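Asker: Here's a structure for you.
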Amino acid sequence: MKKSEKKQKTARDVPPKRKKNREIMVVTWLFTFLFLGLSGYIIHYSATHRQELINNSYNGRQQMLIAQNRRGRVFAADGNILAQTVTDEQGKETRQYPYGNLFSHVVGYASNGRMGVEAQANYYLINSNAPLGEKAKLDLQAEKYPGDDVYTTLDVNLQEVASNSLGIYQGAIIVTEPSTGKVLAMVSKPDFNPEEISEIWDDLVADKESSILLNRVTQGLYPPGSTFKIITALEYIRENPDSYTGYSYNCTGALVRGEDRIQCYHGSVHGGVDFKRSFAKSCNTSFANIGLSLDKNAFQNTLDSLLFGGELPTAFNYNVSRADVSEGMTDADMMQVSIGQGTTSITPLLLNMITCAIANEGVLMEPYVVDYVESSGGARIKTYNAASYGKLLEPGEAQILKGLMADVVEEGTASRLKGLSYTAAGKTGSAEYGTVKGDSHAWFTGFAPVENPEVCVTIIIEGAGAGGDYAVPIAKRIFDAYFGV
């Protein structure tokens with residue numbers, strides 16, 4: 001046999017069993033590593049997402065907790081009960097809401113799904129950290145353990161004032177503490193009685209046009225109207241830091257570009273205005289003129305930094321606000337954006353967050369409503385501390401905008417807040433909507449006192465008209481209630 005043939009025969013005669021075993025080992029180790037990796041991920045996810053897993057309606061663990069524990073109570077900041085579960089002699093549980101409609105959207109409901117605080121804090125409400133002695137006693141009596149209690153940041157008095165002031169109008173009001181992000185009041189109308197949610201549920205589902213369950217504060221999308229001039233002013237200041245105070249414009253009541261015509265509200269003619277007066281008087285034509293001078297890419301960057309089109313740092317369910325500026329925009333579209341009209345839409349929540357950042361030297365504190373969780377024995381289970389999201393604008397920019405908003409009160413469209421025992425700053429808005437000329441939502445967003453802001457208020461009244469006529473008086477009632485006037 002030739003030497004080359006002997007080599008070929010040797011290569012061909014490698015035992016197939018050994019080769020097969022090696023392949024099996026490779027596959028075995030591969031699947032072992034994959035299994036270990038998947039197991040590690042599941043363990044890590046379960047540890048870091050415990051609440052989400054328990055709250056999932058498909059998780060049987062949740063039903064076990066509900067069967068074992070009586071749902072905990074929800075309290076206002078002053079200790080008033082906002083939600084509680086009572087058990088009758090037959091052992092039937094009923095969720096009660098002592099204030100009826102008043103906290104319908106922010107506290108929410110716990111049947112037919114969950115909403116509001118009832119959803120946010122569900123994990124704690126269905127768990128029980130009652131003392132062992134109390135649990136042992138309840139075991140002997142064959143009774144459920146008391147669930148943990150949730151204390152909120154909500155102020156009953158401010159909530160009542162806000163709700164009563166909104167009256168029969170549809171709209172939304174949010175009251176916050178700019179230095180911490182605490183939500184003091186949140187009203188959305190139309191509202192409902194959470195105790196009746198099971199009875200009205202089928203009708204609400206069948207009525208495709210019903211928006212009663214919509215929390216207008218966090219999910220309502222509206223044209224911001226003149227409140228958006230806060231943002232247009234910020235962009236102009238950023239692009240003209242040394243010369244914005246020298247701006248001047250002659251308002252004749254209208255500005256025309258092509259087929260598009262911008263008019264000042266109710267046909268007002270403001271005459272010669274500088275930057276400060278343009279803002280205080282909410283001059284549409286002046287701000288449309290300012291908008292035409294802005295760098296579109298820079299403006300879009302500012303909008304992005306103010307959380308338009310992005311996620312918000314909050315546990316509330318919310319809709320995403322939209323404001324788009326691009327190089328391909330026409331002058332007509334740019335003028336509309338600059339005065340908060342066109343396709344621009346915003347939630348009262350985001351407008352309040354931007355206003356709070358201005359009041360808080362440019363720093364946004366994450367808005368929150370759950371303050372702490374306590375067991376039935378009084379032990380503190382969880383505390384939610386104030387958390388900073390970061391800077392939305394520089395302190396100097398915030399100071400300039402604060403001054404402009406103070407001028408709106410002193411010599412502009414929010415003059416009903418002038419001359420009070422406290423100082424206030426803000427911006428009004430009359431946001432046109434629909435196809436009927438003159439229909440507008442009334443806006444106000446602002447804070448008080450100007451020197452050291454303690455409270456921030458954002459209001460929208462659907463279809464009411466001018467912000468200065470309808471939203472500002474409501475803001476005054478809320479400020480008065482806060483300061484005890």
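In the structure tokens, each chain is lettered A, B, ... as it comes, each chain's residues begin at 1, and ligands are numbered from 1 in order of appearance.
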Mind checking which residues fall within 9 Å of A:Ser268, counting only C-alpha atoms, ignoring those fewer than 2 positions away in the same chain, and posting them as a ChimeraX atom specification?
Answerer: /A:251-254,263-266,270,283
Asker: Please tabulate, as CSV, the residues of stretch 209-327 of chain A that come within 8 Å of stretch 366-376 of chain A, each with its closest pair of atoms and the distance in Å to one decimal, counting only C-alpha atoms and ordering rows by chain, then residue number upward.
Answerer:
residue,atom,partner,partner_atom,distance
A:Pro313,CA,A:Glu366,CA,5.8
A:Thr314,CA,A:Pro367,CA,5.9
A:Ala315,CA,A:Tyr368,CA,7.2
Asker: Give me, as a ChimeraX atom specification, the residues of stretch 159-364 of chain A that a backbone DSSP run labels strand (DSSP E).
Answerer: /A:171-176,183-189,248-251,254-257,260-263,271-274,363-364
Asker: Ranking A:Thr176, A:Gly328, A:Pro190, A:Arg71 by minimum distance to A:Val86 and counting only C-alpha atoms, which one comes first?
Answerer: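 Of all the options, A:Arg71 lies closest to A:Val86.
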Asker: Could you name the residues that touch A:Val325 at 7 Å or less, counting only C-alpha atoms, but leaving out those on the same chain fewer than 2 positions away, as a ChimeraX atom specification?
Answerer: /A:296,299-300,323,329
Asker: Write the residues of the selection above to a file with N, CA and C atoms, as a compact mmCIF listing (two decimals), in the first residue's frame.
Answerer:
# COMPACT_ATOMS: atom_id res chain seq x y z
N LYS A 296 -34.66 76.47 13.52
CA LYS A 296 -35.60 75.35 13.69
C LYS A 296 -34.96 74.16 14.40
N PHE A 299 -34.61 75.01 18.05
CA PHE A 299 -35.92 75.03 18.68
C PHE A 299 -36.38 73.60 18.99
N GLN A 300 -36.17 72.69 18.04
CA GLN A 300 -36.56 71.30 18.27
C GLN A 300 -35.76 70.68 19.40
N ALA A 323 -44.84 68.57 19.94
CA ALA A 323 -44.54 69.87 19.33
C ALA A 323 -43.36 69.64 18.40
N MET A 329 -40.51 73.10 7.44
CA MET A 329 -41.76 73.78 7.81
C MET A 329 -41.96 75.07 7.03
Asker: Which of stretch 73-238 of chain A counts as alpha helix (DSSP H) under DSSP, as a PyMOL selection string please?
Answerer: chain A and resi 117-120+122-125+132-140+156-166+197-206+216-219+229-238
Asker: Just checking: using only C-alpha atoms, which residue out of A:Ser321, A:Thr383, A:Thr330, A:Thr355 ends up closest to A:Ala398?
Answerer: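 When distances to A:Ala398 are compared using only C-alpha atoms, the smallest one comes from A:Thr355.
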Asker: Need the shell around stretch 334-349 of chain A: protein/DNA/RNA residues with any atom at most 6 Å away, counting only C-alpha atoms. Skip same-chain ones fewer than 4 positions apart. Format as a ChimeraX atom specification?
Answerer: /A:217-218,220-226,228-229,232,288,291,321-323
Asker: Given the selection you just returned, output its residues as a file containing all heavy atoms, formatted as a short mmCIF file (atom, residue, chain, number, x, y, z; two decimals), in the first residue's frame.
Answerer:
data_model
loop_
_atom_site.label_atom_id
_atom_site.label_comp_id
_atom_site.auth_asym_id
_atom_site.auth_seq_id
_atom_site.Cartn_x
_atom_site.Cartn_y
_atom_site.Cartn_z
N VAL A 217 -55.80 65.58 33.41
CA VAL A 217 -54.54 66.18 33.85
C VAL A 217 -53.36 65.48 33.19
O VAL A 217 -52.43 66.13 32.70
CB VAL A 217 -54.39 66.10 35.39
CG1 VAL A 217 -52.99 66.56 35.81
CG2 VAL A 217 -55.44 66.96 36.06
N THR A 218 -53.37 64.18 33.17
CA THR A 218 -52.22 63.41 32.68
C THR A 218 -52.40 62.87 31.27
O THR A 218 -51.42 62.60 30.59
CB THR A 218 -51.95 62.22 33.62
OG1 THR A 218 -53.07 61.32 33.59
CG2 THR A 218 -51.73 62.69 35.05
N GLY A 220 -55.11 64.15 28.99
CA GLY A 220 -55.76 65.08 28.08
C GLY A 220 -54.74 65.83 27.24
O GLY A 220 -53.80 66.41 27.78
N LEU A 221 -54.91 65.81 25.94
CA LEU A 221 -54.01 66.52 25.02
C LEU A 221 -54.74 67.73 24.43
O LEU A 221 -55.79 67.58 23.81
CB LEU A 221 -53.53 65.59 23.91
CG LEU A 221 -52.51 64.53 24.34
CD1 LEU A 221 -52.30 63.51 23.21
CD2 LEU A 221 -51.18 65.17 24.71
N TYR A 222 -54.17 68.90 24.65
CA TYR A 222 -54.80 70.15 24.23
C TYR A 222 -53.81 71.05 23.51
O TYR A 222 -52.60 71.00 23.79
CB TYR A 222 -55.31 70.92 25.46
CG TYR A 222 -56.27 70.20 26.34
CD1 TYR A 222 -55.83 69.48 27.46
CD2 TYR A 222 -57.65 70.24 26.10
CE1 TYR A 222 -56.71 68.84 28.30
CE2 TYR A 222 -58.55 69.59 26.93
CZ TYR A 222 -58.08 68.89 28.03
OH TYR A 222 -58.96 68.25 28.87
N PRO A 223 -54.30 71.92 22.61
CA PRO A 223 -53.42 72.97 22.10
C PRO A 223 -53.08 73.89 23.26
O PRO A 223 -53.98 74.31 24.00
CB PRO A 223 -54.27 73.67 21.04
CG PRO A 223 -55.69 73.36 21.42
CD PRO A 223 -55.67 72.01 22.04
N PRO A 224 -51.80 74.19 23.48
CA PRO A 224 -51.43 75.01 24.64
C PRO A 224 -51.74 76.49 24.49
O PRO A 224 -51.73 77.23 25.48
CB PRO A 224 -49.92 74.77 24.76
CG PRO A 224 -49.49 74.43 23.37
CD PRO A 224 -50.64 73.68 22.76
N GLY A 225 -51.98 76.92 23.26
CA GLY A 225 -52.25 78.34 23.07
C GLY A 225 -51.10 79.19 23.58
O GLY A 225 -49.93 78.82 23.48
N SER A 226 -51.45 80.32 24.16
CA SER A 226 -50.42 81.29 24.55
C SER A 226 -49.53 80.85 25.70
O SER A 226 -48.49 81.46 25.95
CB SER A 226 -51.06 82.64 24.89
OG SER A 226 -51.59 83.23 23.72
N PHE A 228 -47.78 78.39 25.56
CA PHE A 228 -46.60 77.90 24.85
C PHE A 228 -45.58 79.01 24.60
O PHE A 228 -44.41 78.74 24.31
CB PHE A 228 -47.02 77.28 23.52
CG PHE A 228 -45.94 76.49 22.83
CD1 PHE A 228 -45.69 75.18 23.19
CD2 PHE A 228 -45.19 77.06 21.81
CE1 PHE A 228 -44.69 74.44 22.54
CE2 PHE A 228 -44.20 76.33 21.15
CZ PHE A 228 -43.95 75.02 21.53
N LYS A 229 -46.02 80.26 24.72
CA LYS A 229 -45.10 81.38 24.52
C LYS A 229 -43.98 81.38 25.56
O LYS A 229 -42.94 82.00 25.35
CB LYS A 229 -45.87 82.71 24.55
CG LYS A 229 -46.77 82.88 23.32
CD LYS A 229 -47.71 84.07 23.46
CE LYS A 229 -48.65 84.14 22.25
NZ LYS A 229 -49.72 85.15 22.43
N THR A 232 -41.46 79.46 23.53
CA THR A 232 -40.96 80.29 22.43
C THR A 232 -40.04 81.38 22.96
O THR A 232 -38.98 81.67 22.39
CB THR A 232 -42.13 80.92 21.66
OG1 THR A 232 -43.03 79.88 21.23
CG2 THR A 232 -41.64 81.68 20.44
N ALA A 288 -45.44 85.42 16.71
CA ALA A 288 -45.32 84.78 15.40
C ALA A 288 -44.10 85.34 14.68
O ALA A 288 -43.35 84.61 14.03
CB ALA A 288 -46.59 85.04 14.58
N GLY A 291 -41.10 83.78 16.23
CA GLY A 291 -40.98 82.41 15.76
C GLY A 291 -40.31 82.29 14.41
O GLY A 291 -39.52 81.38 14.16
N SER A 321 -46.95 64.48 24.96
CA SER A 321 -47.18 65.80 24.35
C SER A 321 -46.36 65.92 23.06
O SER A 321 -45.27 65.34 22.96
CB SER A 321 -46.79 66.90 25.33
OG SER A 321 -47.53 66.78 26.53
N ARG A 322 -46.87 66.69 22.11
CA ARG A 322 -46.22 66.81 20.81
C ARG A 322 -46.03 68.27 20.40
O ARG A 322 -46.95 69.08 20.50
CB ARG A 322 -47.04 66.11 19.73
CG ARG A 322 -47.23 64.61 19.96
CD ARG A 322 -45.94 63.86 19.72
NE ARG A 322 -46.12 62.42 19.94
CZ ARG A 322 -45.13 61.54 19.93
NH1 ARG A 322 -43.89 61.95 19.73
NH2 ARG A 322 -45.37 60.26 20.13
N ALA A 323 -44.84 68.57 19.94
CA ALA A 323 -44.54 69.87 19.33
C ALA A 323 -43.36 69.64 18.40
O ALA A 323 -42.26 69.32 18.86
CB ALA A 323 -44.20 70.91 20.39
#
Asker: Would you kindly return, as a CSV table (one decimal) with C-alpha atoms, in the first residue's frame, each protein, DNA or RNA residue with an atom no farther than 7 Å from any atom of A:Thr245, considering only C-alpha atoms and excluding same-chain residues fewer than 2 positions away?
Answerer:
chain,number,residue,atom,x,y,z
A,243,SER,CA,-29.9,91.3,22.6
A,247,TYR,CA,-36.4,93.4,20.6
A,275,PHE,CA,-40.0,91.6,24.3
Asker: Between atom CA of A:Ser165 and atom CA of A:Val485, what distance in Å does the model show, to one decimal?
Answerer: 15.9 Å
